[in-house]
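input11.cif (mmCIF, C-alpha atoms)
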```cif
data_target
#
loop_
_atom_site.label_atom_id
_atom_site.label_comp_id
_atom_site.auth_asym_id
_atom_site.auth_seq_id
_atom_site.Cartn_x
_atom_site.Cartn_y
_atom_site.Cartn_z
CA MET A 1 -153.32 85.73 33.23
CA LEU A 2 -150.79 84.41 35.73
CA SER A 3 -152.83 85.74 38.66
CA PHE A 4 -155.70 83.40 37.70
CA TRP A 5 -153.47 80.36 37.20
CA PRO A 6 -153.74 79.09 40.83
CA LEU A 7 -157.54 79.21 40.50
CA VAL A 8 -157.40 77.14 37.32
CA CYS A 9 -155.07 74.59 38.89
CA GLY A 10 -157.15 74.50 42.06
CA TRP A 11 -160.39 73.99 40.12
CA ASP A 12 -158.76 71.16 38.26
CA ARG A 13 -157.79 69.30 41.40
CA ARG A 14 -161.29 69.57 42.84
CA GLN A 15 -163.06 68.57 39.65
CA SER A 16 -160.66 66.06 38.06
CA VAL A 17 -162.34 62.99 39.61
CA ARG A 18 -165.83 64.02 38.52
CA VAL A 19 -164.75 64.94 34.98
CA THR A 20 -162.88 61.64 34.68
CA GLN A 21 -165.96 59.71 35.80
CA ILE A 22 -168.03 61.46 33.12
CA VAL A 23 -165.47 60.63 30.46
CA GLU A 24 -165.25 57.00 31.58
CA LYS A 25 -169.04 56.60 31.45
CA LYS A 26 -169.10 57.95 27.93
CA THR A 27 -166.23 55.67 26.89
CA ALA A 28 -167.06 52.63 29.02
CA ARG A 29 -165.72 50.19 26.47
CA VAL A 30 -162.98 52.41 25.07
CA HIS A 31 -159.69 53.03 26.87
CA LEU A 32 -159.30 56.62 28.04
CA ALA A 33 -155.99 56.75 26.15
CA TRP A 34 -157.93 57.20 22.91
CA ALA A 35 -159.80 60.18 24.34
CA VAL A 36 -156.50 61.74 25.42
CA ALA A 37 -155.06 61.14 21.95
CA ALA A 38 -158.17 62.71 20.38
CA VAL A 39 -157.79 65.83 22.54
CA GLY A 40 -154.11 65.96 21.59
CA PHE A 41 -155.02 65.74 17.90
CA VAL A 42 -157.54 68.60 18.14
CA THR A 43 -155.06 70.64 20.18
CA LEU A 44 -152.33 70.25 17.57
CA ILE A 45 -154.75 71.23 14.81
CA GLY A 46 -155.65 74.36 16.76
CA ALA A 47 -151.99 75.23 17.27
CA ALA A 48 -151.34 74.72 13.55
CA GLY A 49 -153.62 77.65 12.75
CA PHE A 50 -150.80 80.14 13.18
CA ARG A 51 -148.38 78.11 11.06
CA SER A 52 -150.52 78.97 8.04
CA VAL A 53 -150.28 82.70 8.73
CA PRO A 54 -146.71 83.83 7.84
CA GLY A 55 -146.63 82.52 4.26
CA VAL A 56 -149.91 84.28 3.46
CA LEU A 57 -149.32 87.56 5.28
CA LEU A 58 -145.75 88.42 4.24
CA ASP A 59 -146.79 90.59 1.30
CA PRO A 60 -149.69 92.35 3.10
CA LEU A 61 -147.38 93.34 5.96
CA HIS A 62 -144.76 94.53 3.48
CA ASP A 63 -147.33 96.60 1.58
CA GLU A 64 -148.81 98.26 4.68
CA PHE A 65 -145.70 98.94 6.79
CA GLY A 66 -142.98 99.01 4.14
CA TRP A 67 -140.87 96.52 6.10
CA SER A 68 -138.46 94.48 4.01
CA HIS A 69 -139.16 90.82 3.38
CA ALA A 70 -135.91 90.07 5.20
CA THR A 71 -137.18 91.82 8.33
CA ILE A 72 -140.50 90.03 8.24
CA SER A 73 -138.82 86.70 7.49
CA ALA A 74 -136.51 87.22 10.46
CA SER A 75 -139.49 86.84 12.77
CA VAL A 76 -140.31 83.53 11.08
CA SER A 77 -136.69 82.41 11.47
CA ILE A 78 -136.79 83.16 15.21
CA ASN A 79 -140.04 81.22 15.39
CA LEU A 80 -138.53 78.19 13.64
CA LEU A 81 -135.46 78.12 15.86
CA LEU A 82 -137.48 78.44 19.06
CA TYR A 83 -139.87 75.79 17.74
CA GLY A 84 -136.98 73.36 17.96
CA LEU A 85 -134.91 74.68 20.85
CA ILE A 86 -137.82 75.06 23.29
CA SER A 87 -138.95 71.45 22.76
CA PRO A 88 -136.72 69.62 25.28
CA PHE A 89 -137.37 72.19 28.00
CA ALA A 90 -141.11 71.94 27.34
CA ALA A 91 -140.95 68.16 27.67
CA ALA A 92 -139.23 68.50 31.05
CA LEU A 93 -141.77 71.12 32.10
CA MET A 94 -144.60 68.72 31.20
CA ASP A 95 -143.08 66.23 33.63
CA ARG A 96 -142.78 68.91 36.29
CA LEU A 97 -146.06 70.86 35.97
CA GLY A 98 -148.27 68.56 33.92
CA LEU A 99 -149.57 68.40 30.36
CA ARG A 100 -152.61 70.62 30.91
CA GLN A 101 -150.73 73.53 32.44
CA VAL A 102 -147.99 73.57 29.80
CA VAL A 103 -150.24 72.99 26.79
CA SER A 104 -152.92 75.48 27.81
CA GLY A 105 -150.23 78.05 28.58
CA ALA A 106 -148.65 77.42 25.16
CA LEU A 107 -152.00 77.95 23.42
CA VAL A 108 -152.44 81.25 25.27
CA LEU A 109 -148.98 82.38 24.11
CA ILE A 110 -149.85 81.51 20.50
CA ALA A 111 -153.09 83.47 20.80
CA LEU A 112 -151.29 86.48 22.28
CA GLY A 113 -148.55 86.39 19.67
CA SER A 114 -151.00 86.25 16.80
CA GLY A 115 -153.67 88.55 18.24
CA LEU A 116 -151.38 91.35 19.40
CA THR A 117 -150.05 91.86 15.87
CA VAL A 118 -153.17 93.86 15.01
CA PHE A 119 -151.89 96.63 17.31
CA MET A 120 -148.25 96.72 16.16
CA THR A 121 -146.63 99.78 14.62
CA SER A 122 -142.93 98.82 14.59
CA SER A 123 -141.01 95.84 13.23
CA TRP A 124 -139.58 94.93 16.65
CA GLN A 125 -143.12 94.22 17.78
CA LEU A 126 -143.48 91.68 14.97
CA LEU A 127 -140.26 90.01 16.12
CA LEU A 128 -141.66 89.88 19.65
CA CYS A 129 -145.08 88.54 18.64
CA TRP A 130 -144.39 86.19 15.73
CA GLY A 131 -140.87 85.33 16.81
CA LEU A 132 -140.75 85.10 20.61
CA LEU A 133 -144.33 84.55 21.82
CA VAL A 134 -145.49 82.26 19.04
CA GLY A 135 -142.08 80.55 18.88
CA VAL A 136 -142.20 79.63 22.57
CA GLY A 137 -145.86 78.61 22.27
CA THR A 138 -145.46 76.35 19.24
CA GLY A 139 -142.17 74.99 20.58
CA SER A 140 -143.97 73.91 23.75
CA MET A 141 -146.39 71.88 21.62
CA SER A 142 -144.02 70.45 19.04
CA MET A 143 -143.20 66.78 18.52
CA THR A 144 -142.25 66.36 22.18
CA PHE A 145 -145.93 66.76 23.07
CA VAL A 146 -146.66 63.84 20.74
CA ALA A 147 -143.85 61.78 22.27
CA THR A 148 -145.07 62.53 25.80
CA ILE A 149 -148.67 61.45 25.12
CA THR A 150 -147.74 58.25 23.31
CA GLY A 151 -145.02 57.37 25.82
CA ARG A 152 -147.31 57.71 28.82
CA TRP A 153 -150.64 56.45 27.48
CA PHE A 154 -149.79 53.75 24.94
CA VAL A 155 -147.83 50.51 24.76
CA HIS A 156 -149.71 48.87 21.92
CA ARG A 157 -150.38 51.08 18.86
CA ARG A 158 -147.80 53.59 20.06
CA GLY A 159 -146.32 54.01 16.60
CA LEU A 160 -149.72 54.38 14.93
CA VAL A 161 -150.84 57.06 17.40
CA THR A 162 -147.51 58.86 16.96
CA GLY A 163 -148.15 58.96 13.22
CA ILE A 164 -151.71 60.22 13.63
CA LEU A 165 -150.71 62.98 16.06
CA THR A 166 -147.76 63.99 13.90
CA ALA A 167 -150.12 64.30 10.94
CA ALA A 168 -152.30 66.71 12.94
CA GLY A 169 -149.97 69.60 12.13
CA ALA A 170 -150.27 68.99 8.40
CA THR A 171 -154.02 68.52 8.75
CA GLY A 172 -154.29 71.86 10.53
CA GLN A 173 -152.38 73.64 7.79
CA LEU A 174 -154.58 72.05 5.13
CA ILE A 175 -157.64 73.32 6.98
CA PHE A 176 -156.37 76.81 7.76
CA LEU A 177 -154.22 77.69 4.74
CA PRO A 178 -157.13 78.26 2.31
CA LEU A 179 -159.19 79.88 5.09
CA ILE A 180 -156.39 82.29 6.02
CA ALA A 181 -155.72 83.11 2.36
CA ASN A 182 -159.39 83.83 1.61
CA LEU A 183 -159.85 85.95 4.73
CA ALA A 184 -156.70 87.95 3.96
CA SER A 185 -157.91 88.56 0.41
CA ALA A 186 -161.39 89.63 1.49
CA TYR A 187 -160.77 91.50 4.77
CA GLY A 188 -157.06 92.25 5.06
CA TRP A 189 -154.36 90.64 7.19
CA ARG A 190 -155.74 91.52 10.64
CA VAL A 191 -158.79 89.25 10.45
CA PRO A 192 -156.74 86.08 9.75
CA ALA A 193 -154.41 86.96 12.63
CA LEU A 194 -157.39 87.20 14.98
CA VAL A 195 -158.88 83.96 13.64
CA ALA A 196 -155.63 82.14 14.39
CA ALA A 197 -155.63 83.62 17.90
CA GLY A 198 -159.26 82.70 18.51
CA THR A 199 -158.73 79.14 17.32
CA ALA A 200 -155.87 78.62 19.77
CA LEU A 201 -157.93 80.02 22.64
CA ALA A 202 -160.95 77.90 21.76
CA VAL A 203 -158.97 74.72 22.42
CA VAL A 204 -157.87 75.72 25.94
CA PRO A 205 -161.09 74.62 27.74
CA LEU A 206 -160.91 71.25 25.99
CA VAL A 207 -157.35 70.77 27.25
CA LEU A 208 -158.19 71.76 30.82
CA LEU A 209 -161.25 69.49 30.97
CA PHE A 210 -160.10 66.31 29.30
CA LEU A 211 -156.32 66.08 28.99
CA ARG A 212 -154.80 63.86 31.68
CA ASP A 213 -151.15 63.45 32.65
CA TYR A 214 -150.85 59.73 33.45
CA PRO A 215 -153.17 56.69 33.26
CA SER A 216 -152.36 55.97 36.92
CA ASP A 217 -153.98 59.30 37.86
CA VAL A 218 -157.34 57.78 36.92
CA GLY A 219 -156.62 54.23 38.06
CA LEU A 220 -155.63 52.83 34.66
CA ARG A 221 -152.62 51.25 32.99
CA ALA A 222 -151.31 52.47 29.67
CA TYR A 223 -153.21 51.07 26.70
CA GLY A 224 -151.92 47.58 25.96
CA ALA A 225 -149.77 47.36 29.10
CA PRO A 226 -149.76 43.88 30.67
CA GLU A 227 -150.76 43.16 34.25
CA GLY A 228 -148.05 44.35 36.65
CA SER A 229 -146.49 46.71 34.12
CA THR A 230 -145.31 50.12 35.28
CA ALA A 231 -146.28 51.71 31.96
CA GLY A 232 -148.48 54.72 32.61
CA GLN A 233 -147.41 55.09 36.23
CA ARG A 234 -146.74 58.64 37.40
CA VAL A 235 -143.05 59.43 37.65
CA GLU A 236 -142.34 62.13 40.22
CA THR A 237 -139.68 64.64 39.24
CA THR A 238 -137.91 67.21 41.36
CA GLY A 239 -135.68 70.16 40.67
CA SER A 240 -135.57 72.62 37.80
CA SER A 241 -137.14 71.61 34.49
CA ALA A 242 -134.35 73.38 32.62
CA LEU A 243 -131.77 71.48 34.64
CA ARG A 244 -133.50 68.18 33.89
CA ALA A 245 -133.53 68.96 30.16
CA LEU A 246 -129.80 69.71 30.23
CA THR A 247 -129.09 66.66 32.39
CA ALA A 248 -130.97 64.43 29.93
CA LEU A 249 -128.93 65.93 27.09
CA ARG A 250 -125.64 65.36 28.89
CA SER A 251 -126.55 61.75 29.58
CA ALA A 252 -127.76 61.14 26.02
CA MET A 253 -124.61 62.63 24.50
CA ARG A 254 -122.59 59.79 26.01
CA ARG A 255 -124.31 57.31 23.71
CA PRO A 256 -123.54 57.05 19.99
CA ALA A 257 -127.22 56.34 19.30
CA PHE A 258 -128.08 59.94 20.22
CA TRP A 259 -125.60 61.36 17.74
CA MET A 260 -126.84 59.07 14.98
CA LEU A 261 -130.46 60.03 15.65
CA ALA A 262 -129.68 63.76 15.92
CA GLY A 263 -127.48 63.71 12.83
CA GLY A 264 -130.07 61.88 10.78
CA PHE A 265 -132.87 64.17 11.93
CA ALA A 266 -130.79 67.28 11.13
CA ILE A 267 -130.50 65.95 7.57
CA CYS A 268 -134.24 65.25 7.63
CA GLY A 269 -134.92 68.91 8.43
CA ALA A 270 -132.43 70.09 5.83
CA SER A 271 -133.97 67.98 3.07
CA THR A 272 -137.60 68.89 3.86
CA ASN A 273 -138.41 72.24 5.53
CA GLY A 274 -135.05 73.80 4.77
CA LEU A 275 -134.72 72.81 1.12
CA ILE A 276 -138.00 71.70 -0.48
CA GLY A 277 -140.26 73.71 1.81
CA THR A 278 -138.26 76.93 1.32
CA HIS A 279 -136.89 76.73 -2.22
CA PHE A 280 -139.04 74.39 -4.32
CA VAL A 281 -141.30 77.13 -5.67
CA THR A 282 -138.37 79.34 -6.68
CA ALA A 283 -136.48 76.39 -8.20
CA ALA A 284 -139.50 75.35 -10.25
CA HIS A 285 -140.00 78.94 -11.40
CA ASP A 286 -136.36 79.00 -12.53
CA HIS A 287 -137.34 76.24 -14.99
CA GLY A 288 -140.27 78.27 -16.33
CA MET A 289 -143.07 76.88 -14.16
CA PRO A 290 -145.63 79.48 -13.04
CA VAL A 291 -145.38 80.33 -9.34
CA THR A 292 -149.03 79.45 -8.74
CA THR A 293 -148.53 75.99 -10.24
CA ALA A 294 -145.38 75.37 -8.19
CA ALA A 295 -147.11 76.55 -5.00
CA SER A 296 -150.05 74.23 -5.68
CA LEU A 297 -147.67 71.30 -6.12
CA LEU A 298 -145.98 72.12 -2.82
CA ALA A 299 -149.37 72.32 -1.10
CA LEU A 300 -150.11 68.79 -2.33
CA VAL A 301 -147.07 67.59 -0.38
CA GLY A 302 -149.08 68.33 2.76
CA VAL A 303 -152.00 66.25 1.52
CA PHE A 304 -149.90 63.13 1.05
CA ASP A 305 -147.92 63.93 4.19
CA VAL A 306 -150.96 63.04 6.32
CA GLY A 307 -151.37 59.56 4.87
CA GLY A 308 -147.65 58.84 4.78
CA THR A 309 -147.13 59.72 8.44
CA ILE A 310 -150.05 57.61 9.64
CA VAL A 311 -148.87 54.62 7.61
CA SER A 312 -145.35 55.12 8.95
CA GLY A 313 -146.71 54.98 12.50
CA TRP A 314 -148.56 51.77 11.69
CA LEU A 315 -145.38 50.26 10.25
CA THR A 316 -143.36 51.34 13.31
CA ASP A 317 -145.55 49.08 15.46
CA ARG A 318 -144.62 46.13 13.25
CA TRP A 319 -141.12 46.69 11.85
CA ASP A 320 -137.72 47.53 13.21
CA PRO A 321 -137.73 51.37 13.20
CA ARG A 322 -134.11 51.42 12.05
CA TYR A 323 -135.03 49.66 8.81
CA LEU A 324 -137.82 52.16 8.22
CA LEU A 325 -135.42 55.08 8.63
CA ILE A 326 -132.92 53.44 6.27
CA GLY A 327 -135.65 53.07 3.66
CA TYR A 328 -137.06 56.58 4.09
CA TYR A 329 -133.71 58.36 3.88
CA SER A 330 -132.46 56.23 0.98
CA LEU A 331 -135.55 56.77 -1.14
CA ARG A 332 -135.62 60.47 -0.31
CA GLY A 333 -132.00 60.83 -1.37
CA LEU A 334 -132.63 59.12 -4.70
CA SER A 335 -135.62 61.35 -5.41
CA LEU A 336 -133.56 64.49 -4.75
CA LEU A 337 -130.85 63.32 -7.12
CA VAL A 338 -133.32 63.00 -9.99
CA LEU A 339 -135.34 66.13 -9.18
CA PRO A 340 -133.31 68.51 -11.44
CA SER A 341 -134.24 66.39 -14.46
CA LEU A 342 -137.95 66.48 -13.54
CA LEU A 343 -138.41 70.25 -13.25
CA GLY A 344 -139.78 72.02 -16.30
CA PRO A 345 -142.19 74.73 -17.46
CA SER A 346 -145.26 72.57 -16.79
CA ALA A 347 -146.37 69.92 -14.31
CA GLN A 348 -145.52 66.74 -16.19
CA PRO A 349 -146.51 63.30 -14.81
CA SER A 350 -142.95 62.76 -13.59
CA ILE A 351 -143.06 65.76 -11.25
CA TRP A 352 -146.46 64.59 -9.97
CA VAL A 353 -144.86 61.28 -9.07
CA PHE A 354 -142.14 63.16 -7.18
CA ILE A 355 -144.70 65.27 -5.28
CA ILE A 356 -146.75 62.22 -4.27
CA PHE A 357 -143.69 60.26 -3.20
CA TYR A 358 -142.08 63.17 -1.36
CA GLY A 359 -145.31 63.97 0.44
CA LEU A 360 -145.63 60.39 1.67
CA ASP A 361 -142.03 60.54 2.91
CA TRP A 362 -142.08 64.12 4.30
CA VAL A 363 -142.36 63.44 8.04
CA ALA A 364 -142.58 59.66 7.92
CA THR A 365 -139.28 59.68 9.84
CA VAL A 366 -140.95 60.96 13.03
CA PRO A 367 -142.65 57.77 14.36
CA PRO A 368 -139.56 55.52 14.06
CA THR A 369 -137.33 58.26 15.52
CA VAL A 370 -139.65 58.68 18.50
CA ALA A 371 -139.70 54.90 18.97
CA LEU A 372 -135.89 54.68 19.01
CA CYS A 373 -135.63 57.56 21.49
CA ARG A 374 -138.05 55.72 23.75
CA GLU A 375 -136.11 52.47 23.45
CA TRP A 376 -132.73 54.03 24.16
CA PHE A 377 -133.60 56.64 26.77
CA GLY A 378 -136.69 55.30 28.57
CA VAL A 379 -138.65 57.88 30.56
CA ASP A 380 -136.29 60.59 29.31
CA GLY A 381 -137.18 59.64 25.74
CA PRO A 382 -139.53 62.63 25.10
CA ILE A 383 -136.91 65.07 26.40
CA VAL A 384 -134.14 63.49 24.34
CA PHE A 385 -136.41 63.53 21.30
CA GLY A 386 -136.83 67.24 21.97
CA TRP A 387 -133.08 67.68 21.51
CA VAL A 388 -133.15 65.47 18.42
CA PHE A 389 -135.97 67.62 17.06
CA ALA A 390 -133.93 70.75 17.81
CA SER A 391 -131.25 69.36 15.49
CA HIS A 392 -133.98 68.96 12.85
CA GLN A 393 -134.75 72.68 13.01
CA ILE A 394 -131.09 73.66 12.98
CA GLY A 395 -130.56 71.51 9.89
CA ALA A 396 -133.56 73.19 8.26
CA ALA A 397 -132.20 76.67 9.02
CA VAL A 398 -128.74 75.83 7.66
CA ALA A 399 -130.16 74.31 4.47
CA ALA A 400 -132.51 77.23 3.87
CA THR A 401 -129.57 79.66 3.98
CA GLY A 402 -127.10 77.39 2.20
CA ALA A 403 -129.38 76.56 -0.71
CA GLY A 404 -130.10 80.25 -1.21
CA ALA A 405 -126.36 80.98 -1.30
CA ILE A 406 -125.82 78.22 -3.88
CA ARG A 407 -128.58 79.71 -6.04
CA ASP A 408 -127.00 83.18 -5.79
CA VAL A 409 -123.53 81.93 -6.77
CA GLN A 410 -124.35 79.34 -9.42
CA GLY A 411 -127.66 80.55 -10.76
CA SER A 412 -129.40 77.23 -10.09
CA TYR A 413 -130.24 74.86 -7.26
CA ASN A 414 -128.75 71.75 -8.87
CA LEU A 415 -125.81 71.49 -6.48
CA ALA A 416 -128.16 71.89 -3.52
CA TRP A 417 -130.29 68.94 -4.70
CA TYR A 418 -127.21 66.76 -5.21
CA LEU A 419 -125.72 67.65 -1.83
CA ALA A 420 -129.02 66.93 -0.10
CA GLY A 421 -129.26 63.58 -1.87
CA GLY A 422 -125.79 62.64 -0.63
CA LEU A 423 -126.64 63.76 2.90
CA CYS A 424 -129.74 61.54 2.88
CA ALA A 425 -127.49 58.60 2.03
CA ALA A 426 -125.38 59.53 5.07
CA ALA A 427 -128.54 59.64 7.21
CA ALA A 428 -129.43 56.13 6.04
CA LEU A 429 -125.98 54.91 7.12
CA MET A 430 -126.37 56.62 10.49
CA SER A 431 -129.69 54.87 11.00
CA ALA A 432 -128.16 51.53 10.09
CA SER A 433 -125.49 51.99 12.77
CA ILE A 434 -128.02 52.37 15.60
CA GLY A 435 -128.34 49.27 17.75
CA ARG A 436 -131.43 48.06 19.58
CA ARG A 437 -131.69 48.58 23.32
CA LEU A 438 -135.22 47.68 24.29
CA VAL A 439 -136.42 49.42 27.44
CA THR A 440 -139.36 47.72 29.15
CA ALA A 441 -142.39 50.03 28.98
#
```
What does the file become when written as structure tokens?
Amino acid sequence: MLSFWPLVCGWDRRQSVRVTQIVEKKTARVHLAWAVAAVGFVTLIGAAGFRSVPGVLLDPLHDEFGWSHATISASVSINLLLYGLISPFAAALMDRLGLRQVVSGALVLIALGSGLTVFMTSSWQLLLCWGLLVGVGTGSMSMTFVATITGRWFVHRRGLVTGILTAAGATGQLIFLPLIANLASAYGWRVPALVAAGTALAVVPLVLLFLRDYPSDVGLRAYGAPEGSTAGQRVETTGSSALRALTALRSAMRRPAFWMLAGGFAICGASTNGLIGTHFVTAAHDHGMPVTTAASLLALVGVFDVGGTIVSGWLTDRWDPRYLLIGYYSLRGLSLLVLPSLLGPSAQPSIWVFIIFYGLDWVATVPPTVALCREWFGVDGPIVFGWVFASHQIGAAVAATGAGAIRDVQGSYNLAWYLAGGLCAAAALMSASIGRRLVTA
């Protein structure tokens, strides 16, 4: 694959002007930024295909190979950690090599990681494929990809587009989860793994043809940028991408705003993916609810997640993002405090209200957090957001383990819900302490 990379890059340089002219003719009255955002949306949906695989294929892999659930889950844990920790380095690499090279390479890694599983015979191969290859691939296309597109291509509607692109991951899981489950039931686990791989590969030509790095590359300003603005102008970077990611972190750590954003986002990860996403089904079953009913309720969170994130992006364009974060964390904390009293053997209206509300609030924190990173850290905003997002994944990992330990010791999750509710209150206070430092786009 690497031996053909210079040919791909060389083709792109020769053909970029002609392809851009075709796109501009087709979208004569529409800014090219919307086409770039559309390609980003489709790309994120394609990458989300694999994220539907582990939850469906755990039992089939256990049944065929006899590997413990802990061993199989370890590959998912590696994936989750890399999903966060790779993000800032990927953002720096996008500045260094370009969006197309990094994103298309990430899609190829996801395809390899998913597709090669059909040949595995040992558990270490699963750790390599699901953990390392897919972890690096998905981490290279995490929320920093969203922040990079919106930061370069948009001034107006930046929050709305952030919300739409963030919702692409949930949309992809909604599309692929039933497909993967049905294919696994009908044909075994290998067919879904290959479908996920093929989906990722199918998006690569779209990325290479239509994704552009900067508006200035095609003679445009960022969408909504006023005359004379530098928004959308190419920023040349030199040196190692890893060094730039670490330098951006060192600089950001000198500002209290970074610690407030990272701390709040760590609590965000703990109270969503780590707690609800990992333990809700088991907690509901502890109260007598059938597993299938609890799983269906959790799936509905993803449905409302799409609408909530888009609305949050729209609000970010109009409201102080700090106030949005204060509201989101406060309301989430209150809902967690009352959750123990809502769980029961059946899905009562009260638990439906919780599911709808929690779904709307699930990743609504992303657009205002991206906006604050952009305000405080300027062109380094996507890289800094990568580090903030890494704290999100670390918080999720800690909560997933901690809540399980609480359940083992006390026999219930009640203390975990109460602790998470208190932490959300702390996240609201952290958000309130962040000042405004507007950086001209």
- Message: Evaluated on this file, the PyMOL selection byres ((chain A and resi 198-205) around 10) picks out some residues - which ones are they, written as a ChimeraX atom specification?
- Response: /A:39,42-50,100-101,103-112,114-115,192-197,206-211
Let's have the selection written as a CSV table (one decimal), keeping the file's coordinate frame, with C-alpha atoms.
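Writing the result to selection_6.csv gives the following:
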```
chain,number,residue,atom,x,y,z
A,39,VAL,CA,-157.8,65.8,22.5
A,42,VAL,CA,-157.5,68.6,18.1
A,43,THR,CA,-155.1,70.6,20.2
A,44,LEU,CA,-152.3,70.2,17.6
A,45,ILE,CA,-154.8,71.2,14.8
A,46,GLY,CA,-155.6,74.4,16.8
A,47,ALA,CA,-152.0,75.2,17.3
A,48,ALA,CA,-151.3,74.7,13.6
A,49,GLY,CA,-153.6,77.6,12.8
A,50,PHE,CA,-150.8,80.1,13.2
A,100,ARG,CA,-152.6,70.6,30.9
A,101,GLN,CA,-150.7,73.5,32.4
A,103,VAL,CA,-150.2,73.0,26.8
A,104,SER,CA,-152.9,75.5,27.8
A,105,GLY,CA,-150.2,78.0,28.6
A,106,ALA,CA,-148.6,77.4,25.2
A,107,LEU,CA,-152.0,78.0,23.4
A,108,VAL,CA,-152.4,81.2,25.3
A,109,LEU,CA,-149.0,82.4,24.1
A,110,ILE,CA,-149.8,81.5,20.5
A,111,ALA,CA,-153.1,83.5,20.8
A,112,LEU,CA,-151.3,86.5,22.3
A,114,SER,CA,-151.0,86.2,16.8
A,115,GLY,CA,-153.7,88.6,18.2
A,192,PRO,CA,-156.7,86.1,9.8
A,193,ALA,CA,-154.4,87.0,12.6
A,194,LEU,CA,-157.4,87.2,15.0
A,195,VAL,CA,-158.9,84.0,13.6
A,196,ALA,CA,-155.6,82.1,14.4
A,197,ALA,CA,-155.6,83.6,17.9
A,206,LEU,CA,-160.9,71.2,26.0
A,207,VAL,CA,-157.4,70.8,27.2
A,208,LEU,CA,-158.2,71.8,30.8
A,209,LEU,CA,-161.2,69.5,31.0
A,210,PHE,CA,-160.1,66.3,29.3
A,211,LEU,CA,-156.3,66.1,29.0
```
- Could you pull the residues within 12 Å of region 401-415 of chain A, counting only C-alpha atoms, minus those fewer than 3 positions along the same chain, as a VMD selection string? chain A and resid 77 270 to 271 273 to 287 336 to 343 394 to 398 418 to 422
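Among the candidate residues A:Ala245, A:Leu80, A:Leu58, A:Ala295, the one lying nearest to Ala400 (chain A) is A:Leu80, with distances computed using only C-alpha atoms.
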- Task: Neighbourhood query: residues within 12 Å of (-137.7, 69.8, 27.2), file coordinates, counting all atoms listed in the file; return as an MDAnalysis selection string.
- Result: chainID A and resid 82:96 102 136 139:145 147:148 240:249 380:390
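What separates CA of Ile326 (chain A) from CA of Met430 (chain A) is a distance of 8.4 Å.
Across the chains present, the PyMOL selection byres ((chain A and resi 183) around 12) applied to this file returns Val53, Val56, Leu57, Phe176, Leu177, Pro178, Leu179, Ile180, Ala181, Asn182, Ala184, Ser185, Ala186, Tyr187, Gly188, Trp189, Arg190, Val191, Pro192, Ala193, Leu194, Val195 and Ala196 of chain A.
Taking CA of Gly113 (chain A) and CA of Trp130 (chain A) as endpoints, the distance between them is 5.7 Å.
With only C-alpha atoms as the atoms that count, the minimum distance from Pro368 (chain A) to the choices A:Ser335, A:Thr293, A:Thr171, A:Ser312 is reached by A:Ser312.
When the PyMOL selection byres ((chain A and resi 155) around 6) is run on the displayed coordinates, the residues it returns are Phe154, His156, Arg158, Tyr223, Gly224 and Ala225 of chain A.
Between CA of Thr117 (chain A) and CA of Phe41 (chain A) there is a distance of 26.7 Å.
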- Task: Around the point (-136.2, 55.6, 27.5) in the file's coordinates, collect all residues with an atom within 12 Å, using only C-alpha atoms, and return them as a VMD selection string.
- Result: chain A and resid 147 to 148 151 to 152 231 248 251 to 252 258 370 to 385 436 to 441
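Nearest to Pro290 (chain A) of all the residues A:Val134, A:Leu174, A:Ala347, A:Ala428 is A:Ala347, based on only C-alpha atoms.
With distances restricted to all atoms listed in the file, A:Ile149 is the closest residue to Gly98 (chain A) from A:Asn79, A:Met253, A:Ile149, A:Glu64.
The residue set within 8 Å of Asp305 (chain A), counting only C-alpha atoms and dropping same-chain residues fewer than 3 places from it, reads A:Ala167, A:Ala170, A:Val301, A:Gly302, A:Gly308, A:Thr309, A:Gly359, A:Leu360, A:Asp361, A:Trp362, A:Val363, A:Ala364.
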- Nearest residue to Ala262 (chain A) from the set A:Thr369, A:Thr150, A:Ser216, A:Thr162 (distances using only C-alpha atoms): A:Thr369
With N, CA and C atoms as the target, complete region 227-233 of chain A and hand it back as a short mmCIF file (atom, residue, chain, number, x, y, z; two decimals), keeping the file's coordinate frame.
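Ended up saving to selection_8.cif:
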```
data_model
loop_
_atom_site.label_atom_id
_atom_site.label_comp_id
_atom_site.auth_asym_id
_atom_site.auth_seq_id
_atom_site.Cartn_x
_atom_site.Cartn_y
_atom_site.Cartn_z
N GLU A 227 -150.57 43.12 32.80
CA GLU A 227 -150.76 43.16 34.25
C GLU A 227 -149.41 43.26 34.95
N GLY A 228 -149.30 44.17 35.91
CA GLY A 228 -148.05 44.35 36.65
C GLY A 228 -147.07 45.30 36.00
N SER A 229 -147.38 45.78 34.80
CA SER A 229 -146.49 46.71 34.12
C SER A 229 -146.50 48.07 34.80
N THR A 230 -145.40 48.76 34.73
CA THR A 230 -145.31 50.12 35.28
C THR A 230 -145.63 51.18 34.24
N ALA A 231 -145.97 50.74 33.02
CA ALA A 231 -146.28 51.71 31.96
C ALA A 231 -147.50 52.53 32.36
N GLY A 232 -147.38 53.82 32.25
CA GLY A 232 -148.48 54.72 32.61
C GLY A 232 -148.49 55.15 34.05
N GLN A 233 -147.50 54.68 34.84
CA GLN A 233 -147.41 55.09 36.23
C GLN A 233 -146.78 56.48 36.33
#
```
